[in-house]
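Student: The structure file target_4.pdb (PDB, C-alpha atoms, pLDDT in the B column) is provided below.
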ATOM      1  CA  MET C   1      50.697 104.029  90.609  1.00 54.00           C
ATOM      2  CA  ASP C   2      52.930 106.202  88.430  1.00 71.00           C
ATOM      3  CA  SER C   3      53.634 108.574  91.337  1.00 78.00           C
ATOM      4  CA  LEU C   4      54.619 105.594  93.520  1.00 76.00           C
ATOM      5  CA  ARG C   5      57.061 104.412  90.870  1.00 73.00           C
ATOM      6  CA  GLN C   6      58.498 107.911  90.469  1.00 77.00           C
ATOM      7  CA  GLU C   7      58.847 108.217  94.239  1.00 79.00           C
ATOM      8  CA  LYS C   8      60.779 104.928  94.426  1.00 76.00           C
ATOM      9  CA  VAL C   9      63.090 105.943  91.588  1.00 74.00           C
ATOM     10  CA  GLN C  10      63.614 109.346  93.235  1.00 79.00           C
ATOM     11  CA  LYS C  11      64.528 107.692  96.556  1.00 80.00           C
ATOM     12  CA  PHE C  12      66.974 105.400  94.825  1.00 75.00           C
ATOM     13  CA  GLU C  13      68.554 108.326  92.962  1.00 76.00           C
ATOM     14  CA  GLU C  14      68.923 110.193  96.269  1.00 81.00           C
ATOM     15  CA  PHE C  15      70.513 107.083  97.785  1.00 77.00           C
ATOM     16  CA  VAL C  16      73.010 106.985  94.918  1.00 74.00           C
ATOM     17  CA  ASP C  17      73.857 110.656  95.342  1.00 78.00           C
ATOM     18  CA  ARG C  18      74.125 110.658  99.138  1.00 83.00           C
ATOM     19  CA  ARG C  19      75.635 107.246  99.796  1.00 79.00           C
ATOM     20  CA  LEU C  20      77.066 105.495  96.755  1.00 74.00           C
ATOM     21  CA  LYS C  21      78.921 108.398  95.137  1.00 78.00           C
ATOM     22  CA  PRO C  22      80.854 109.309  98.322  1.00 84.00           C
ATOM     23  CA  ASP C  23      81.636 105.601  98.892  1.00 78.00           C
ATOM     24  CA  LEU C  24      82.907 105.350  95.335  1.00 78.00           C
ATOM     25  CA  VAL C  25      85.117 108.433  95.729  1.00 83.00           C
ATOM     26  CA  HIS C  26      86.535 107.092  99.015  1.00 82.00           C
ATOM     27  CA  ALA C  27      87.214 103.610  97.646  1.00 78.00           C
ATOM     28  CA  ILE C  28      88.961 104.990  94.568  1.00 82.00           C
ATOM     29  CA  ALA C  29      91.082 107.339  96.710  1.00 87.00           C
ATOM     30  CA  GLU C  30      92.205 104.464  98.978  1.00 83.00           C
ATOM     31  CA  ARG C  31      93.043 102.272  96.005  1.00 82.00           C
ATOM     32  CA  ASP C  32      95.001 105.080  94.318  1.00 88.00           C
ATOM     33  CA  LYS C  33      96.942 105.799  97.505  1.00 89.00           C
ATOM     34  CA  ILE C  34      98.137 102.193  97.696  1.00 87.00           C
ATOM     35  CA  PHE C  35      99.016 102.173  93.993  1.00 89.00           C
ATOM     36  CA  ASP C  36     101.040 105.379  94.458  1.00 92.00           C
ATOM     37  CA  GLN C  37     102.973 103.888  97.384  1.00 91.00           C
ATOM     38  CA  GLN C  38     103.672 100.720  95.399  1.00 91.00           C
ATOM     39  CA  LYS C  39     105.024 102.809  92.524  1.00 94.00           C
ATOM     40  CA  ILE C  40     107.261 104.848  94.845  1.00 93.00           C
ATOM     41  CA  PHE C  41     108.824 101.730  96.338  1.00 93.00           C
ATOM     42  CA  SER C  42     109.188 100.138  92.921  1.00 94.00           C
ATOM     43  CA  ASP C  43     110.996 103.249  91.642  1.00 95.00           C
ATOM     44  CA  LEU C  44     113.236 103.291  94.721  1.00 93.00           C
ATOM     45  CA  ARG C  45     114.144  99.638  94.162  1.00 95.00           C
ATOM     46  CA  LYS C  46     115.048 100.380  90.528  1.00 96.00           C
ATOM     47  CA  ASN C  47     117.186 103.360  91.547  1.00 92.00           C
ATOM     48  CA  ILE C  48     119.075 101.354  94.171  1.00 93.00           C
ATOM     49  CA  GLU C  49     119.626  98.517  91.710  1.00 94.00           C
ATOM     50  CA  ASN C  50     120.968 101.010  89.143  1.00 93.00           C
ATOM     51  CA  LEU C  51     123.332 102.481  91.736  1.00 91.00           C
ATOM     52  CA  GLU C  52     124.604  98.987  92.568  1.00 92.00           C
ATOM     53  CA  LYS C  53     124.885  97.918  88.931  1.00 93.00           C
ATOM     54  CA  ASN C  54     126.856 101.027  87.951  1.00 93.00           C
ATOM     55  CA  SER C  55     128.970 101.001  91.154  1.00 91.00           C
ATOM     56  CA  VAL C  56     128.122 104.626  91.901  1.00 91.00           C
ATOM     57  CA  THR C  57     130.050 105.896  94.934  1.00 90.00           C
ATOM     58  CA  SER C  58     129.142 109.592  94.710  1.00 91.00           C
ATOM     59  CA  LEU C  59     126.686 111.683  92.757  1.00 91.00           C
ATOM     60  CA  ARG C  60     125.365 115.166  92.109  1.00 93.00           C
ATOM     61  CA  THR C  61     121.626 115.697  92.146  1.00 91.00           C
ATOM     62  CA  LEU C  62     118.865 118.272  92.501  1.00 94.00           C
ATOM     63  CA  VAL C  63     116.887 118.292  95.729  1.00 92.00           C
ATOM     64  CA  ASN C  64     113.373 119.714  95.934  1.00 92.00           C
ATOM     65  CA  LEU C  65     113.303 122.154  98.860  1.00 93.00           C
ATOM     66  CA  GLY C  66     109.559 122.644  98.530  1.00 91.00           C
ATOM     67  CA  SER C  67     107.260 124.677  96.302  1.00 94.00           C
ATOM     68  CA  GLU C  68     109.212 123.373  93.310  1.00 92.00           C
ATOM     69  CA  VAL C  69     112.385 125.153  94.446  1.00 96.00           C
ATOM     70  CA  TYR C  70     115.447 122.987  93.740  1.00 96.00           C
ATOM     71  CA  MET C  71     119.030 123.082  94.927  1.00 96.00           C
ATOM     72  CA  GLN C  72     122.071 121.204  93.719  1.00 96.00           C
ATOM     73  CA  ALA C  73     123.398 118.670  96.176  1.00 94.00           C
ATOM     74  CA  GLU C  74     126.474 116.507  96.195  1.00 94.00           C
ATOM     75  CA  VAL C  75     126.338 113.088  97.818  1.00 91.00           C
ATOM     76  CA  PRO C  76     129.930 112.033  98.621  1.00 92.00           C
ATOM     77  CA  ASP C  77     128.984 108.530  99.827  1.00 90.00           C
ATOM     78  CA  THR C  78     126.028 106.722  98.276  1.00 89.00           C
ATOM     79  CA  GLN C  79     126.473 103.538 100.294  1.00 90.00           C
ATOM     80  CA  HIS C  80     123.811 104.698 102.778  1.00 92.00           C
ATOM     81  CA  ILE C  81     120.427 106.155 101.918  1.00 91.00           C
ATOM     82  CA  PHE C  82     117.554 107.546 103.946  1.00 91.00           C
ATOM     83  CA  VAL C  83     114.159 105.944 103.399  1.00 92.00           C
ATOM     84  CA  ASP C  84     110.856 107.410 104.518  1.00 90.00           C
ATOM     85  CA  VAL C  85     109.336 104.693 106.713  1.00 89.00           C
ATOM     86  CA  GLY C  86     106.167 106.640 107.476  1.00 87.00           C
ATOM     87  CA  LEU C  87     104.850 109.164 109.976  1.00 92.00           C
ATOM     88  CA  GLY C  88     107.608 111.569 108.966  1.00 90.00           C
ATOM     89  CA  PHE C  89     110.445 109.255 110.069  1.00 94.00           C
ATOM     90  CA  HIS C  90     113.427 108.493 107.849  1.00 94.00           C
ATOM     91  CA  VAL C  91     115.810 105.616 108.507  1.00 95.00           C
ATOM     92  CA  GLU C  92     119.358 105.345 107.225  1.00 95.00           C
ATOM     93  CA  PHE C  93     119.859 102.064 105.366  1.00 95.00           C
ATOM     94  CA  THR C  94     122.599 100.420 103.383  1.00 94.00           C
ATOM     95  CA  TRP C  95     121.535  99.410  99.888  1.00 93.00           C
ATOM     96  CA  SER C  96     120.916  95.798 100.894  1.00 94.00           C
ATOM     97  CA  GLU C  97     118.971  96.824 104.011  1.00 95.00           C
ATOM     98  CA  ALA C  98     116.891  99.217 101.928  1.00 95.00           C
ATOM     99  CA  LEU C  99     116.106  96.474  99.392  1.00 95.00           C
ATOM    100  CA  LYS C 100     114.992  94.155 102.212  1.00 96.00           C
ATOM    101  CA  PHE C 101     112.823  96.907 103.683  1.00 95.00           C
ATOM    102  CA  ILE C 102     111.309  97.635 100.270  1.00 94.00           C
ATOM    103  CA  SER C 103     110.473  93.948  99.804  1.00 94.00           C
ATOM    104  CA  LEU C 104     108.754  93.821 103.186  1.00 93.00           C
ATOM    105  CA  ARG C 105     106.922  97.061 102.542  1.00 92.00           C
ATOM    106  CA  LYS C 106     105.744  95.927  99.099  1.00 90.00           C
ATOM    107  CA  GLU C 107     104.440  92.675 100.610  1.00 89.00           C
ATOM    108  CA  LYS C 108     102.515  94.692 103.179  1.00 88.00           C
ATOM    109  CA  LEU C 109     101.091  96.961 100.481  1.00 85.00           C
ATOM    110  CA  GLU C 110     100.069  93.921  98.441  1.00 83.00           C
ATOM    111  CA  ARG C 111      98.266  92.528 101.494  1.00 82.00           C
ATOM    112  CA  CYS C 112      96.567  95.900 101.950  1.00 77.00           C
ATOM    113  CA  ASN C 113      95.674  95.918  98.286  1.00 70.00           C
ATOM    114  CA  PHE C 114      94.336  92.373  98.606  1.00 68.00           C
ATOM    115  CA  GLY C 115      92.432  93.491 101.712  1.00 62.00           C
ATOM    116  CA  LEU C 116      91.001  96.295  99.636  1.00 60.00           C
ATOM    117  CA  GLY C 117      89.734  93.693  97.206  1.00 57.00           C
ATOM    118  CA  HIS C 118      86.327  94.207  98.747  1.00 56.00           C
ATOM    119  CA  GLN C 119      86.673  97.894  97.914  1.00 55.00           C
ATOM    120  CA  HIS C 120      87.606  97.036  94.338  1.00 54.00           C
ATOM    121  CA  ARG C 121      84.457  94.942  94.218  1.00 58.00           C
ATOM    122  CA  SER C 122      82.482  97.757  95.851  1.00 59.00           C
ATOM    123  CA  ILE C 123      83.765 100.192  93.219  1.00 62.00           C
ATOM    124  CA  GLY C 124      82.349  97.886  90.576  1.00 65.00           C
ATOM    125  CA  GLU C 125      79.137  97.420  92.524  1.00 66.00           C
ATOM    126  CA  VAL C 126      78.652 101.161  92.932  1.00 63.00           C
ATOM    127  CA  LYS C 127      79.251 101.687  89.232  1.00 63.00           C
ATOM    128  CA  ASP C 128      76.803  98.864  88.478  1.00 67.00           C
ATOM    129  CA  GLN C 129      74.186 100.365  90.778  1.00 63.00           C
ATOM    130  CA  ARG C 130      74.640 103.757  89.164  1.00 62.00           C
ATOM    131  CA  SER C 131      74.124 102.083  85.782  1.00 67.00           C
ATOM    132  CA  VAL C 132      70.927 100.502  87.071  1.00 67.00           C
ATOM    133  CA  VAL C 133      69.639 103.903  88.182  1.00 64.00           C
ATOM    134  CA  LYS C 134      70.452 105.421  84.794  1.00 65.00           C
ATOM    135  CA  THR C 135      68.772 102.481  83.055  1.00 68.00           C
ATOM    136  CA  CYS C 136      65.699 102.830  85.276  1.00 65.00           C
ATOM    137  CA  ALA C 137      65.491 106.512  84.454  1.00 64.00           C
ATOM    138  CA  LEU C 138      65.830 105.766  80.744  1.00 62.00           C
ATOM    139  CA  VAL C 139      63.166 103.031  80.917  1.00 66.00           C
ATOM    140  CA  ARG C 140      60.889 105.373  82.844  1.00 65.00           C
ATOM    141  CA  MET C 141      61.348 108.064  80.207  1.00 64.00           C
ATOM    142  CA  CYS C 142      60.724 105.604  77.355  1.00 61.00           C
ATOM    143  CA  LEU C 143      57.626 104.183  79.030  1.00 64.00           C
ATOM    144  CA  SER C 144      56.165 107.599  79.692  1.00 65.00           C
ATOM    145  CA  THR C 145      56.836 108.654  76.065  1.00 60.00           C
ATOM    146  CA  ARG C 146      55.359 105.421  74.716  1.00 58.00           C
ATOM    147  CA  GLN C 147      52.429 105.671  77.091  1.00 58.00           C
ATOM    148  CA  GLN C 148      51.610 109.207  75.984  1.00 58.00           C
ATOM    149  CA  LYS C 149      51.762 108.219  72.314  1.00 59.00           C
ATOM    150  CA  SER C 150      49.660 105.043  72.624  1.00 58.00           C
ATOM    151  CA  ASP C 151      47.096 106.101  75.207  1.00 55.00           C
ATOM    152  CA  PRO C 152      46.205 109.798  75.468  1.00 56.00           C
ATOM    153  CA  SER C 153      44.233 109.058  78.657  1.00 55.00           C
ATOM    154  CA  GLY C 154      47.535 108.457  80.475  1.00 51.00           C
ATOM    155  CA  ARG C 155      46.712 104.852  81.367  1.00 51.00           C
ATOM    156  CA  GLY C 156      49.107 102.309  79.978  1.00 48.00           C
ATOM    157  CA  PRO C 157      49.408  98.556  80.245  1.00 46.00           C
ATOM    158  CA  PHE C 158      51.481  98.829  83.470  1.00 45.00           C
ATOM    159  CA  ASN C 159      49.101 101.104  85.406  1.00 46.00           C
TER
END
For the file at hand, write its structure as structure tokens.
Tutor:
Amino acid sequence: MDSLRQEKVQKFEEFVDRRLKPDLVHAIAERDKIFDQQKIFSDLRKNIENLEKNSVTSLRTLVNLGSEVYMQAEVPDTQHIFVDVGLGFHVEFTWSEALKFISLRKEKLERCNFGLGHQHRSIGEVKDQRSVVKTCALVRMCLSTRQQKSDPSGRGPFN
């Protein structure tokens, strides 16, 4: 009977390792990607609002050329900005157009995040299932220790 129990626990542990852990990693990565995009658009909105509030018409900035190599750049007219709309495409917007686009994009990301609600639940479920496996292993260890102490023959009350 003990070998049957150990076999079941072993199968469940293998299931956790082969199926649940990769699902957990994937779900967390998808959630984090949406959170990152939401933060980018939120930061862009704040920057545009600051430009409007301070009536900035030109500015000097540093532009990342890649591999953390920066170059000074001068923007003579800040009334139009380029926004990455996905798939490597950038669209030139006025500030008001960019704010409208950001609002639409944030709504879409919120819907995606809401759609990922099942993944948020699955993250919790995977963590719960992993806790169950750890608890089962701990109970198994405690029972085997208790069994050895109380009954040297190896037969306990659950066998």
Student: Give me, as a PDB file with C-alpha atoms, in the frame of the given file, all polymer residues having an atom no more than 6 Å from Asp77 of chain C, counting only C-alpha atoms and skipping those fewer than 2 positions away in the same chain.
Tutor:
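The new file selection.pdb reads:
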ATOM      1  CA  THR C  57     130.050 105.896  94.934  1.00 90.00           C
ATOM      2  CA  SER C  58     129.142 109.592  94.710  1.00 91.00           C
ATOM      3  CA  VAL C  75     126.338 113.088  97.818  1.00 91.00           C
ATOM      4  CA  GLN C  79     126.473 103.538 100.294  1.00 90.00           C
TER       5      GLN C  79
END
Student: If you measure from atom CA of His26 of chain C to atom CA of Asn113 of chain C, what distance in Å do you get, rounded to one decimal?
Tutor: 14.5 Å
Student: Please, what distance in Å, to one decimal, runs between atom CA of Gln37 of chain C and atom CA of Val63 of chain C?
Tutor: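 Separation of atom CA of Gln37 of chain C and atom CA of Val63 of chain C: 20.1 Å.
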Student: What is the distance, in Å and to one decimal place, between atom CA of Phe93 of chain C and atom CA of Ile48 of chain C?
Tutor: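 According to the coordinates, atom CA of Phe93 of chain C and atom CA of Ile48 of chain C are separated by 11.2 Å.
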Student: For Glu97 of chain C, which residue among C:Leu4, C:Met71, C:Ile81, C:Leu59 is the nearest when counting only C-alpha atoms?
Tutor: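 Closest to Glu97 of chain C, using only C-alpha atoms: C:Ile81.
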Student: Compare C:Tyr70, C:Phe35, C:Phe15, C:Phe101 by their minimum atom-to-atom distance to Val85 of chain C, counting only C-alpha atoms, and give me the closest one.
Tutor: C:Phe101
Student: Could you check which of C:Asp36, C:Ser96, C:Ser42, C:Asn47 is closest to His80 of chain C, using all atoms listed in the file?
Tutor: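 Smallest separation from His80 of chain C among the options: C:Ser96.
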Student: Kindly provide, as JSON, the centre and edge lengths (Å, one decimal) of an axis-aligned box around all atoms of segment 54-65 of chain C given in the file, with 6 Å on each side.
Tutor:
{"center_x": 121.7, "center_y": 111.6, "center_z": 93.4, "size_x": 28.7, "size_y": 33.2, "size_z": 22.9}
Student: Residues around (114.5, 94.5, 98.9), cut-off 10 Å, counting all atoms listed in the file - what are they as a list in words?
Tutor: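 Every polymer residue passing the test: Phe41, Ser42, Leu44, Arg45, Ile48, Glu49, Trp95, Ser96, Glu97, Ala98, Leu99, Lys100, Phe101, Ile102, Ser103, Leu104, Arg105 and Lys106 of chain C.
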Student: Once you count all atoms listed in the file, which residues end up no further than 7 Å from (124.4, 118.7, 94.8) in the file's frame, shown as a PyMOL selection string?
Tutor: chain C and resi 60-62+71-75
